[in-house]
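This is input35.txt. It holds compact mmCIF, C-alpha atoms and all ligand atoms.
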# COMPACT_ATOMS: atom_id res chain seq x y z
CA MET B 1 0.00 0.00 0.00
CA SER B 2 1.23 3.47 -0.80
CA GLY B 3 0.60 5.67 2.21
CA GLN B 4 -1.20 6.76 5.35
CA LEU B 5 -4.59 8.39 5.34
CA TYR B 6 -3.70 12.03 6.01
CA THR B 7 -5.26 15.32 4.93
CA PRO B 8 -4.40 18.99 5.65
CA ILE B 9 -6.86 19.07 8.56
CA CYS B 10 -4.53 16.62 10.37
CA ASP B 11 -1.85 19.33 10.39
CA MET B 12 -4.35 21.98 11.41
CA LEU B 13 -5.53 20.01 14.45
CA GLY B 14 -2.43 18.01 15.29
CA ILE B 15 -4.06 14.62 14.68
CA GLU B 16 -2.78 11.55 12.84
CA TYR B 17 -5.91 10.47 10.95
CA PRO B 18 -8.89 12.55 9.77
CA ILE B 19 -11.45 10.46 11.63
CA PHE B 20 -13.70 12.24 14.12
CA LEU B 21 -16.00 10.93 16.81
CA ALA B 22 -19.06 13.15 16.30
CA GLY B 23 -20.41 15.15 19.21
CA MET B 24 -23.44 13.27 20.47
CA ASN B 25 -25.88 14.33 23.13
CA SER B 26 -28.73 12.26 24.41
CA GLY B 27 -31.10 15.01 23.35
CA GLY B 28 -33.11 14.42 26.50
CA ALA B 29 -34.90 11.67 24.62
CA GLY B 30 -35.76 9.61 27.64
CA GLN B 31 -32.19 8.44 27.96
CA SER B 32 -30.49 8.48 31.29
CA LYS B 33 -26.85 8.36 30.15
CA SER B 34 -24.65 10.24 27.71
CA PRO B 35 -23.98 8.08 24.64
CA THR B 36 -20.41 9.37 24.43
CA PRO B 37 -18.71 8.84 27.78
CA VAL B 38 -15.30 10.37 28.36
CA LYS B 39 -13.69 6.95 27.90
CA LEU B 40 -15.00 6.64 24.33
CA VAL B 41 -13.94 10.19 23.47
CA ALA B 42 -10.46 9.54 24.85
CA GLU B 43 -10.17 6.27 22.88
CA ILE B 44 -10.67 8.09 19.59
CA THR B 45 -8.28 10.91 20.42
CA ASN B 46 -5.65 8.48 21.70
CA ALA B 47 -6.03 6.34 18.55
CA GLY B 48 -4.92 9.40 16.56
CA GLY B 49 -8.31 10.81 15.55
CA LEU B 50 -10.34 13.50 17.26
CA GLY B 51 -12.78 12.62 20.02
CA VAL B 52 -15.57 15.09 20.70
CA LEU B 53 -17.49 15.16 23.96
CA GLY B 54 -21.23 15.60 23.48
CA ASP B 55 -22.34 17.13 26.74
CA SER B 56 -25.81 15.59 27.03
CA PHE B 57 -27.33 18.41 29.02
CA LEU B 58 -25.00 17.77 31.90
CA THR B 59 -24.94 20.16 34.80
CA LEU B 60 -22.20 22.79 34.71
CA GLU B 61 -20.31 20.79 37.33
CA ASP B 62 -20.60 17.59 35.28
CA LEU B 63 -19.41 19.34 32.15
CA ASP B 64 -16.42 20.80 33.98
CA GLN B 65 -15.61 17.44 35.57
CA GLY B 66 -15.98 15.60 32.22
CA ILE B 67 -13.59 17.97 30.47
CA ARG B 68 -11.03 17.64 33.29
CA GLU B 69 -11.25 13.86 33.20
CA LEU B 70 -10.86 13.87 29.43
CA LYS B 71 -7.79 16.08 29.67
CA SER B 72 -6.24 13.69 32.15
CA LEU B 73 -6.80 10.77 29.73
CA VAL B 74 -5.54 12.39 26.53
CA GLY B 75 -2.66 14.53 27.84
CA ASP B 76 -1.57 16.97 25.14
CA ARG B 77 -3.65 15.41 22.37
CA PRO B 78 -6.52 17.51 21.02
CA TYR B 79 -10.20 16.91 21.73
CA GLY B 80 -13.45 18.76 21.24
CA VAL B 81 -16.63 19.62 23.11
CA ASP B 82 -19.98 19.92 21.37
CA PHE B 83 -23.29 21.40 22.40
CA MET B 84 -26.07 23.49 21.07
CA LEU B 85 -25.77 27.25 21.03
CA PRO B 86 -28.82 29.44 21.33
CA ALA B 87 -30.19 30.81 18.08
CA LYS B 88 -33.94 30.68 17.96
CA LEU B 89 -35.14 29.34 21.26
CA GLU B 90 -38.57 30.78 20.62
CA ASN B 91 -41.11 31.57 23.26
CA VAL B 92 -38.98 30.82 26.27
CA GLY B 93 -38.00 34.23 27.58
CA SER B 94 -37.22 34.06 31.24
CA ARG B 95 -40.03 31.69 32.21
CA SER B 96 -39.23 28.70 34.40
CA ASN B 97 -39.71 25.20 33.06
CA LEU B 98 -42.85 24.69 35.14
CA GLU B 99 -44.33 27.94 33.85
CA ILE B 100 -43.66 26.80 30.28
CA HIS B 101 -45.46 23.52 31.04
CA ASP B 102 -48.45 25.46 32.38
CA ASP B 103 -48.56 27.58 29.23
CA ILE B 104 -48.34 24.51 26.99
CA LYS B 105 -51.25 22.97 28.90
CA LYS B 106 -53.35 26.07 28.23
CA GLU B 107 -52.33 26.66 24.64
CA TYR B 108 -51.94 23.12 23.32
CA PRO B 109 -54.38 20.87 25.23
CA ASP B 110 -54.53 18.27 22.42
CA HIS B 111 -50.77 17.89 22.47
CA VAL B 112 -50.79 17.40 26.24
CA LYS B 113 -53.60 14.84 25.88
CA PHE B 114 -51.46 12.92 23.38
CA ILE B 115 -48.54 12.75 25.83
CA GLU B 116 -50.84 11.66 28.66
CA ARG B 117 -52.40 9.00 26.44
CA MET B 118 -48.94 7.69 25.53
CA ILE B 119 -47.96 7.42 29.19
CA GLU B 120 -51.13 5.46 29.88
CA GLU B 121 -50.99 3.20 26.82
CA LEU B 122 -47.35 2.35 27.42
CA GLU B 123 -48.23 1.54 31.04
CA LEU B 124 -45.78 4.05 32.43
CA THR B 125 -46.12 6.00 35.65
CA LYS B 126 -46.36 9.78 35.68
CA VAL B 127 -43.42 11.49 37.40
CA ASN B 128 -42.54 15.11 38.01
CA VAL B 129 -40.82 17.08 35.29
CA PRO B 130 -37.62 19.01 36.10
CA GLU B 131 -38.21 22.47 37.57
CA SER B 132 -35.47 24.07 35.55
CA SER B 133 -34.70 23.46 31.91
CA PRO B 134 -31.19 22.82 30.60
CA MET B 135 -32.22 24.60 27.41
CA THR B 136 -32.31 28.15 28.72
CA TYR B 137 -30.22 30.86 27.16
CA GLU B 138 -28.56 31.62 30.50
CA HIS B 139 -27.59 28.01 31.11
CA ILE B 140 -26.00 27.66 27.68
CA LEU B 141 -24.03 30.87 28.20
CA LYS B 142 -22.70 29.44 31.46
CA LYS B 143 -21.68 26.25 29.65
CA ILE B 144 -19.72 28.35 27.18
CA ASP B 145 -17.86 29.87 30.13
CA VAL B 146 -16.96 26.37 31.38
CA VAL B 147 -15.56 25.51 27.94
CA MET B 148 -13.56 28.76 27.81
CA ASP B 149 -12.25 28.42 31.38
CA ASN B 150 -10.98 24.93 30.57
CA ASP B 151 -9.18 26.12 27.42
CA VAL B 152 -10.93 23.46 25.34
CA PRO B 153 -9.00 23.37 22.03
CA ILE B 154 -11.97 22.71 19.72
CA PHE B 155 -15.61 23.64 20.14
CA ALA B 156 -18.36 22.30 17.88
CA ALA B 157 -21.67 24.13 17.81
CA ALA B 158 -24.40 21.55 17.29
CA LEU B 159 -27.22 23.88 16.36
CA GLY B 160 -27.36 27.61 16.77
CA ASP B 161 -25.22 30.53 15.79
CA PRO B 162 -21.44 30.21 16.30
CA ALA B 163 -21.08 33.98 15.78
CA LEU B 164 -22.16 34.23 19.40
CA ILE B 165 -18.80 32.94 20.60
CA SER B 166 -16.57 33.37 17.58
CA GLU B 167 -14.54 36.34 18.82
CA LYS B 168 -14.14 35.05 22.36
CA ALA B 169 -13.14 31.59 21.07
CA HIS B 170 -10.59 32.87 18.58
CA ASP B 171 -9.05 35.24 21.15
CA ARG B 172 -8.24 32.10 23.13
CA GLY B 173 -6.91 30.19 20.15
CA MET B 174 -9.90 27.87 20.14
CA ILE B 175 -10.90 26.24 16.84
CA LEU B 176 -14.58 26.57 16.08
CA MET B 177 -16.64 23.98 14.22
CA GLY B 178 -20.19 24.28 12.93
CA MET B 179 -22.74 22.10 11.15
CA ALA B 180 -24.24 22.53 7.71
CA GLY B 181 -27.20 20.56 6.39
CA ALA B 182 -27.54 22.82 3.36
CA PRO B 183 -25.15 25.08 1.41
CA ARG B 184 -26.76 28.20 2.89
CA HIS B 185 -25.80 27.01 6.38
CA ALA B 186 -22.18 26.88 5.23
CA GLU B 187 -22.49 30.50 4.06
CA ARG B 188 -23.73 31.44 7.52
CA GLN B 189 -20.84 29.54 9.13
CA MET B 190 -18.39 31.33 6.87
CA ALA B 191 -19.83 34.71 7.89
CA ALA B 192 -19.65 33.72 11.56
CA GLY B 193 -15.93 32.97 11.29
CA THR B 194 -16.27 29.23 11.83
CA ASP B 195 -13.00 27.40 11.14
CA ILE B 196 -14.30 23.95 10.12
CA VAL B 197 -17.70 22.98 8.80
CA VAL B 198 -19.30 19.57 9.03
CA ALA B 199 -21.46 18.91 5.96
CA GLN B 200 -24.02 16.53 7.40
CA GLY B 201 -26.25 14.68 4.96
CA THR B 202 -29.77 13.54 5.65
CA GLU B 203 -28.62 9.94 6.25
CA ALA B 204 -27.20 11.06 9.60
CA GLY B 205 -28.48 10.26 13.04
CA GLY B 206 -29.73 13.22 15.08
CA HIS B 207 -30.88 16.60 13.80
CA THR B 208 -30.55 16.49 10.08
CA GLY B 209 -31.58 18.16 6.85
CA SER B 210 -32.99 16.80 3.62
CA ILE B 211 -29.98 16.70 1.29
CA SER B 212 -27.96 13.51 0.96
CA THR B 213 -24.28 13.42 1.89
CA MET B 214 -23.30 12.66 -1.72
CA VAL B 215 -25.01 15.81 -2.99
CA LEU B 216 -24.33 18.08 -0.01
CA VAL B 217 -20.60 17.68 0.58
CA PRO B 218 -19.34 19.05 -2.78
CA GLN B 219 -21.70 22.02 -2.49
CA VAL B 220 -20.50 22.86 1.02
CA VAL B 221 -16.90 22.46 -0.11
CA ASP B 222 -17.60 24.99 -2.88
CA VAL B 223 -18.98 27.48 -0.39
CA PHE B 224 -16.52 26.95 2.44
CA SER B 225 -13.17 26.28 0.79
CA PRO B 226 -10.33 26.94 1.27
CA LYS B 227 -11.39 26.27 4.87
CA PRO B 228 -11.79 22.55 5.62
CA VAL B 229 -15.03 20.61 5.44
CA LEU B 230 -15.78 17.28 7.12
CA ALA B 231 -18.36 14.89 5.72
CA ALA B 232 -21.01 13.34 7.95
CA GLY B 233 -24.06 11.19 7.53
CA GLY B 234 -24.01 7.53 6.62
CA ILE B 235 -20.30 6.93 7.10
CA GLY B 236 -19.40 3.63 8.74
CA THR B 237 -16.89 1.94 6.45
CA GLY B 238 -13.48 2.91 5.13
CA ALA B 239 -14.87 2.93 1.60
CA GLN B 240 -17.33 5.60 2.72
CA VAL B 241 -14.48 7.60 4.29
CA ALA B 242 -12.64 7.39 0.96
CA ALA B 243 -15.81 8.51 -0.85
CA ALA B 244 -16.06 11.50 1.50
CA LEU B 245 -12.51 12.53 0.62
CA ALA B 246 -13.30 12.07 -3.08
CA LEU B 247 -16.14 14.57 -2.65
CA GLY B 248 -13.72 17.18 -1.32
CA ALA B 249 -14.07 16.63 2.43
CA GLN B 250 -10.91 16.50 4.53
CA GLY B 251 -12.22 13.97 6.99
CA ALA B 252 -15.20 12.04 8.31
CA TRP B 253 -17.37 13.01 11.29
CA ILE B 254 -18.90 9.76 12.50
CA GLY B 255 -21.75 9.28 14.92
CA THR B 256 -23.92 6.19 14.65
CA ALA B 257 -21.07 3.78 13.82
CA PHE B 258 -19.33 4.75 17.09
CA LEU B 259 -22.59 4.80 19.04
CA VAL B 260 -22.59 1.00 19.09
CA ALA B 261 -18.94 0.77 20.21
CA GLU B 262 -18.42 -1.33 23.32
CA GLU B 263 -17.35 1.82 25.19
CA GLY B 264 -20.50 3.69 24.13
CA ASN B 265 -22.87 4.37 26.99
CA SER B 266 -26.16 3.86 25.17
CA PRO B 267 -28.31 1.27 26.90
CA GLU B 268 -27.75 -2.20 25.46
CA VAL B 269 -31.34 -2.45 24.24
CA GLN B 270 -30.76 0.64 22.08
CA LYS B 271 -27.57 -0.81 20.65
CA ASP B 272 -29.58 -3.94 19.83
CA GLN B 273 -32.24 -1.82 18.11
CA ILE B 274 -29.61 -0.16 15.92
CA LEU B 275 -27.70 -3.36 15.17
CA GLY B 276 -30.87 -5.24 14.31
CA ALA B 277 -32.48 -2.57 12.11
CA ARG B 278 -32.51 -2.07 8.37
CA SER B 279 -31.53 1.34 6.99
CA GLU B 280 -35.14 2.31 6.33
CA GLN B 281 -36.00 1.86 10.01
CA PHE B 282 -34.26 5.14 10.91
CA SER B 283 -36.96 7.72 10.32
CA ILE B 284 -37.03 11.50 10.25
CA SER B 285 -39.47 13.19 12.58
CA THR B 286 -39.90 16.49 14.38
CA SER B 287 -41.60 14.70 17.26
CA GLN B 288 -38.76 14.83 19.75
CA SER B 289 -37.25 18.31 19.64
CA GLY B 290 -39.35 20.26 17.16
CA LYS B 291 -36.61 20.04 14.55
CA GLN B 292 -36.14 17.30 11.99
CA GLN B 293 -34.28 14.47 13.68
CA ARG B 294 -33.39 10.99 12.44
CA ALA B 295 -33.81 8.18 14.95
CA TYR B 296 -34.71 4.52 15.24
CA HIS B 297 -38.39 4.31 14.40
CA ASN B 298 -40.15 3.00 17.49
CA ILE B 299 -43.79 2.98 18.59
CA VAL B 300 -43.61 6.47 20.12
CA ARG B 301 -42.54 7.95 16.77
CA GLU B 302 -45.20 5.92 14.99
CA ALA B 303 -47.89 7.21 17.37
CA TRP B 304 -46.78 10.83 16.85
CA ALA B 305 -46.78 10.36 13.07
CA ASN B 306 -50.37 9.08 13.27
CA SER B 307 -51.55 11.77 15.70
CA GLY B 308 -52.08 14.48 13.11
CA LEU B 309 -50.70 17.01 15.60
CA LYS B 310 -48.65 19.97 14.48
CA THR B 311 -45.10 20.14 15.82
CA LEU B 312 -44.49 22.92 18.34
CA PRO B 313 -41.51 25.23 17.76
CA MET B 314 -38.23 24.37 19.45
CA PRO B 315 -37.83 24.15 22.41
CA LEU B 316 -41.55 23.81 23.20
CA GLN B 317 -41.85 20.40 21.53
CA GLY B 318 -39.01 19.14 23.74
CA VAL B 319 -40.67 20.56 26.84
CA LEU B 320 -43.98 19.01 25.77
CA ASN B 321 -42.25 15.62 25.63
CA GLU B 322 -40.67 15.90 29.07
CA PRO B 323 -43.41 14.11 31.03
CA LEU B 324 -43.20 11.14 28.62
CA ASN B 325 -39.40 11.11 28.56
CA GLU B 326 -39.20 11.34 32.35
CA ALA B 327 -41.71 8.49 32.69
CA ILE B 328 -39.69 6.38 30.21
CA LYS B 329 -36.53 7.09 32.21
CA ALA B 330 -38.18 6.28 35.55
CA ALA B 331 -39.48 2.96 34.19
CA GLN B 332 -36.06 2.22 32.63
CA ARG B 333 -37.85 1.52 29.35
CA ASP B 334 -34.87 2.50 27.20
CA ASP B 335 -36.48 0.74 24.26
CA LEU B 336 -39.08 3.51 24.12
CA ALA B 337 -36.60 6.40 24.01
CA GLN B 338 -36.30 8.00 20.58
CA ILE B 339 -32.67 7.18 20.06
CA PRO B 340 -31.02 9.41 17.44
CA SER B 341 -29.28 7.16 14.94
CA GLY B 342 -28.73 7.12 11.20
CA GLN B 343 -29.23 4.97 8.13
CA ILE B 344 -25.74 3.46 8.46
CA GLY B 345 -27.29 1.44 11.29
CA GLY B 346 -28.53 -0.92 8.57
CA MET B 347 -24.91 -1.84 7.85
CA LEU B 348 -23.83 -2.32 11.47
CA THR B 349 -24.05 -5.81 12.89
CA GLU B 350 -21.98 -6.05 16.07
CA ARG B 351 -20.59 -4.19 19.04
CA ARG B 352 -16.85 -3.72 18.75
CA PRO B 353 -14.17 -1.84 20.67
CA ALA B 354 -13.94 1.78 19.44
CA ARG B 355 -10.28 1.34 18.54
CA GLU B 356 -11.09 -1.60 16.28
CA ILE B 357 -13.85 0.36 14.52
CA PHE B 358 -11.44 3.29 14.16
CA PHE B 359 -8.54 1.35 12.64
CA ASP B 360 -10.83 -0.64 10.33
CA LEU B 361 -12.07 2.70 8.98
CA VAL B 362 -8.50 3.93 8.51
CA ASN B 363 -7.11 0.75 6.95
CA GLU B 364 -10.07 0.19 4.69
CA ALA B 365 -10.02 3.81 3.50
CA GLU B 366 -6.33 3.50 2.64
CA GLU B 367 -6.96 0.23 0.78
CA THR B 368 -9.91 1.72 -1.08
CA ILE B 369 -7.97 4.76 -2.24
CA ASP B 370 -5.13 2.52 -3.30
CA SER B 371 -7.31 0.07 -5.16
CA MET B 372 -9.24 2.79 -6.99
CA LYS B 373 -6.08 3.45 -8.96
CA SER B 374 -6.63 0.16 -10.78
CA TYR B 375 -9.66 1.75 -12.44
CA LEU B 376 -7.35 4.08 -14.33
CA LYS B 377 -6.07 2.73 -17.62
C1 LIG X 1 -27.16 9.77 19.39
C2 LIG X 1 -26.80 10.96 18.58
C3 LIG X 1 -26.77 12.20 19.19
C4 LIG X 1 -26.39 13.32 18.47
N1 LIG X 1 -26.29 14.51 19.11
C5 LIG X 1 -25.74 15.55 18.46
C6 LIG X 1 -25.44 16.74 19.15
O1 LIG X 1 -25.74 16.89 20.30
N2 LIG X 1 -24.80 17.72 18.50
C7 LIG X 1 -24.46 17.59 17.17
O2 LIG X 1 -23.81 18.50 16.62
N3 LIG X 1 -24.81 16.53 16.48
C8 LIG X 1 -25.38 15.48 17.10
N4 LIG X 1 -25.61 14.34 16.42
C9 LIG X 1 -25.19 14.26 15.03
C10 LIG X 1 -23.74 13.81 14.97
O3 LIG X 1 -22.87 14.79 15.49
C11 LIG X 1 -23.29 13.49 13.54
O4 LIG X 1 -23.38 14.63 12.72
C12 LIG X 1 -24.08 12.36 12.91
O5 LIG X 1 -24.22 11.31 13.82
C13 LIG X 1 -23.34 11.88 11.66
O6 LIG X 1 -24.08 10.95 10.97
P1 LIG X 1 -24.01 9.35 11.26
O7 LIG X 1 -24.85 9.15 12.45
O8 LIG X 1 -24.58 8.78 10.02
O9 LIG X 1 -22.57 9.00 11.46
C14 LIG X 1 -26.04 13.21 17.10
C15 LIG X 1 -26.11 11.96 16.48
C16 LIG X 1 -26.47 10.84 17.19
C17 LIG X 1 -26.48 9.52 16.47

I'd like the structure from this file rewritten - as structure tokens, please.
Amino acid sequence: MSGQLYTPICDMLGIEYPIFLAGMNSGGAGQSKSPTPVKLVAEITNAGGLGVLGDSFLTLEDLDQGIRELKSLVGDRPYGVDFMLPAKLENVGSRSNLEIHDDIKKEYPDHVKFIERMIEELELTKVNVPESSPMTYEHILKKIDVVMDNDVPIFAAALGDPALISEKAHDRGMILMGMAGAPRHAERQMAAGTDIVVAQGTEAGGHTGSISTMVLVPQVVDVFSPKPVLAAGGIGTGAQVAAALALGAQGAWIGTAFLVAEEGNSPEVQKDQILGARSEQFSISTSQSGKQQRAYHNIVREAWANSGLKTLPMPLQGVLNEPLNEAIKAAQRDDLAQIPSGQIGGMLTERRPAREIFFDLVNEAEETIDSMKSYLK
């Protein structure tokens, strides 16, 4: 074979291979644990890629502690932290979570009835919802302070407007990443001063757009170059990493394929759901957060799809879901949580150590690039 998988972004970030563990939060979807524990993030960074900690709505203390623990595991190697920045958190203002629930009850009684009916039909027990929401503007600003105080080298903004922290981040030498599900998002990221954009195709798990990775990546590269673009959405083999590079990306941002790693914290029943599903069983719905999200299609998503109800704007849809998610958590019915996961799930068959997944991706990508040369006469 003729060489190691290496692109300019490796120099930019000080990594050996352009393979990234995507930032993954639980999304509050009835899950009790973060899918990307510090150990998994550290494995990817220590293998020579870049591990990114999805903060899963942790408390400020947990976030701080997680970053410190990660630093102690990776030493001088780079890592990232990912969470949502505020952009359009409509209708929240300064109301408490309980006040928002009261308003939803008054304004959207049919929606509340749907949630109550789900709790009953699924034979769950009603529990109290949290008094304070992790989604408030103030809380997210405090999380940004934690990231800054810890001198995190790379920050990835899941949703929201990176312009909010661009100046502060760059003053500290922090590298800023943002997501694009459409070329116009990449234009916005460019204007905000983002350093790296992830072009995430609709195949992806989690919040996602409507354009496929194959069609999206070259368009984002056109908009964002000469700054680097990573490809995401439906990548789980080395051949797909090689395809991403062929489209102009400098690396692969991988979520679902690492979600089922042995070190991943997702409940085992959810790993089984992903490993046992066909690609078409990962549906897009606004049911969970109010924004289009791809997840394993379970009975809760099916019931929402059949309800005829209109999705509430973010974050109200998420708040609406809280009683159901809390009841799912309390009953430890992880099978009912709407687990974000992508179409690549249809190609995944077994749990494996993260390192093995990582080096299979690297080796297979190198072999693919090498073997493609035989197609040239
Ligand atoms: C469980 C899960 C949680 C996710 N949470 C986030 C998140 O909090 N922030 C974010 O930027 N993207 C999130 N994503 C999207 C990933 O960062 C990534 O773009 C996506 O998983 C790539 O597509 P793939 O799943 O096909 O690999 C999530 C994806 C999954 C599967």

Find the residues near range 317-321 of chain B: any atom within 10 Å, counting all atoms listed in the file, skip ones fewer than 4 places away on the same chain, and give them as a PDB file with C-alpha atoms, in the frame of the given file.
ATOM      1  CA  GLY B  27     -31.100  15.010  23.350  1.00  0.00           C
ATOM      2  CA  GLY B  28     -33.110  14.420  26.500  1.00  0.00           C
ATOM      3  CA  ALA B  29     -34.900  11.670  24.620  1.00  0.00           C
ATOM      4  CA  GLY B  30     -35.760   9.610  27.640  1.00  0.00           C
ATOM      5  CA  ASN B  97     -39.710  25.200  33.060  1.00  0.00           C
ATOM      6  CA  LEU B  98     -42.850  24.690  35.140  1.00  0.00           C
ATOM      7  CA  ILE B 100     -43.660  26.800  30.280  1.00  0.00           C
ATOM      8  CA  HIS B 101     -45.460  23.520  31.040  1.00  0.00           C
ATOM      9  CA  ILE B 104     -48.340  24.510  26.990  1.00  0.00           C
ATOM     10  CA  LYS B 105     -51.250  22.970  28.900  1.00  0.00           C
ATOM     11  CA  TYR B 108     -51.940  23.120  23.320  1.00  0.00           C
ATOM     12  CA  HIS B 111     -50.770  17.890  22.470  1.00  0.00           C
ATOM     13  CA  VAL B 112     -50.790  17.400  26.240  1.00  0.00           C
ATOM     14  CA  PHE B 114     -51.460  12.920  23.380  1.00  0.00           C
ATOM     15  CA  ILE B 115     -48.540  12.750  25.830  1.00  0.00           C
ATOM     16  CA  GLU B 116     -50.840  11.660  28.660  1.00  0.00           C
ATOM     17  CA  VAL B 129     -40.820  17.080  35.290  1.00  0.00           C
ATOM     18  CA  PRO B 130     -37.620  19.010  36.100  1.00  0.00           C
ATOM     19  CA  SER B 133     -34.700  23.460  31.910  1.00  0.00           C
ATOM     20  CA  MET B 135     -32.220  24.600  27.410  1.00  0.00           C
ATOM     21  CA  THR B 286     -39.900  16.490  14.380  1.00  0.00           C
ATOM     22  CA  SER B 287     -41.600  14.700  17.260  1.00  0.00           C
ATOM     23  CA  GLN B 288     -38.760  14.830  19.750  1.00  0.00           C
ATOM     24  CA  SER B 289     -37.250  18.310  19.640  1.00  0.00           C
ATOM     25  CA  GLY B 290     -39.350  20.260  17.160  1.00  0.00           C
ATOM     26  CA  LYS B 291     -36.610  20.040  14.550  1.00  0.00           C
ATOM     27  CA  LYS B 310     -48.650  19.970  14.480  1.00  0.00           C
ATOM     28  CA  THR B 311     -45.100  20.140  15.820  1.00  0.00           C
ATOM     29  CA  LEU B 312     -44.490  22.920  18.340  1.00  0.00           C
ATOM     30  CA  PRO B 313     -41.510  25.230  17.760  1.00  0.00           C
ATOM     31  CA  ASN B 325     -39.400  11.110  28.560  1.00  0.00           C
ATOM     32  CA  GLU B 326     -39.200  11.340  32.350  1.00  0.00           C
TER      33      GLU B 326
END

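Proximity to ligand LIG 1 (chain X) was assessed for B:Ser212, B:Ser266, B:Asn25, B:Ser374 counting only C-alpha atoms and all ligand atoms; the smallest distance is recorded for B:Asn25.
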
**Prompt:** Once you count only C-alpha atoms and all ligand atoms, which residues end up within 7 Å of ligand LIG 1 (chain X), and could you hand them over as a VMD selection string?
**Reply:** chain B and resid 22 to 27 35 54 56 82 to 84 156 to 159 179 200 203 to 207 232 to 236 253 to 257 259 339 to 344

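Distance check against Arg77 in chain B using all atoms listed in the file: of B:Val152, B:Gln240, B:Arg117, B:Ser132, the minimum falls on B:Val152.
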
Kindly list the centre and edge lengths in Å, rounded to one decimal, for the axis-aligned box that covers all listed atoms of range 246-258 of chain B plus 6 Å on each of its six sides, as JSON.
{"center_x": -17.4, "center_y": 10.5, "center_z": 7.0, "size_x": 25.0, "size_y": 25.4, "size_z": 32.2}

**Request:** Rank B:Asp110, B:Glu120, B:Glu43, B:Asp171 by their smallest atom-to-atom distance to Leu309 in chain B, using all atoms listed in the file, and report the top residue only.
**Result:** B:Asp110

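For the residues B:Ala246, B:Val127, B:Met314, B:Val217, ranking by smallest atom-to-atom distance to Gly160 in chain B using all atoms listed in the file places B:Met314 first.
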
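Across B:Gly248, B:Glu364, B:Lys71, B:Leu216, the tightest approach to Pro153 in chain B is made by B:Lys71 when counting all atoms listed in the file.
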
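Among the candidate residues B:Ala47, B:Asp360, B:Glu131, B:Thr36, the one lying nearest to Pro323 in chain B is B:Glu131, with distances computed using all atoms listed in the file.
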
**Request:** Please determine the residues with any atom at most 10 Å from (-9.0, 9.6, 22.8) (coordinates as given in the file, with all atoms listed in the file counting) and report them as a ChimeraX atom specification.
**Result:** /B:21,38-52,70-71,73-75,77-79,354-355

**Message:** Can you measure CA of Arg95 in chain B to CA of Val300 in chain B for me? One decimal in Å is fine.
**Reply:** 28.2 Å

**Request:** Could you give me, as a list in words, the residues within 7 Å of Asp334 in chain B, counting only C-alpha atoms and dropping anything in the same chain fewer than 6 positions from it?
**Result:** Gln31, Pro267, Val269, Gln270 and Ile328 of chain B

Could you please take those selected residues and save C-alpha atoms as a compact mmCIF listing (two decimals), in the coordinates of the input?
# COMPACT_ATOMS: atom_id res chain seq x y z
CA GLN B 31 -32.19 8.44 27.96
CA PRO B 267 -28.31 1.27 26.90
CA VAL B 269 -31.34 -2.45 24.24
CA GLN B 270 -30.76 0.64 22.08
CA ILE B 328 -39.69 6.38 30.21

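Remark: residues at most 6 Å from position (-35.6, 10.1, 11.1) in file coordinates are Phe282, Ser283, Ile284, Ser285, Gln293, Arg294 and Ala295 of chain B, using all atoms listed in the file.
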
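The spacing separating CA of Phe224 in chain B from CA of Ser210 in chain B amounts to 19.4 Å.
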
Completion of range 47-56 of chain B up to N, CA and C atoms, as a CSV table (one decimal), in the coordinates of the input:
chain,number,residue,atom,x,y,z
B,47,ALA,N,-6.3,7.2,19.7
B,47,ALA,CA,-6.0,6.3,18.6
B,47,ALA,C,-5.4,7.2,17.4
B,48,GLY,N,-5.5,8.5,17.6
B,48,GLY,CA,-4.9,9.4,16.6
B,48,GLY,C,-6.0,10.2,15.8
B,49,GLY,N,-7.2,10.0,16.2
B,49,GLY,CA,-8.3,10.8,15.6
B,49,GLY,C,-8.7,12.0,16.5
B,50,LEU,N,-9.9,12.4,16.3
B,50,LEU,CA,-10.3,13.5,17.3
B,50,LEU,C,-11.7,13.1,17.9
B,51,GLY,N,-11.6,12.9,19.2
B,51,GLY,CA,-12.8,12.6,20.0
B,51,GLY,C,-13.5,13.9,20.4
B,52,VAL,N,-14.8,13.9,20.3
B,52,VAL,CA,-15.6,15.1,20.7
B,52,VAL,C,-16.6,14.7,21.8
B,53,LEU,N,-16.6,15.4,22.8
B,53,LEU,CA,-17.5,15.2,24.0
B,53,LEU,C,-18.8,15.8,23.7
B,54,GLY,N,-19.9,15.0,23.6
B,54,GLY,CA,-21.2,15.6,23.5
B,54,GLY,C,-21.7,15.7,24.9
B,55,ASP,N,-22.2,16.9,25.3
B,55,ASP,CA,-22.3,17.1,26.7
B,55,ASP,C,-23.6,16.6,27.3
B,56,SER,N,-24.6,16.2,26.5
B,56,SER,CA,-25.8,15.6,27.0
B,56,SER,C,-26.5,16.3,28.1
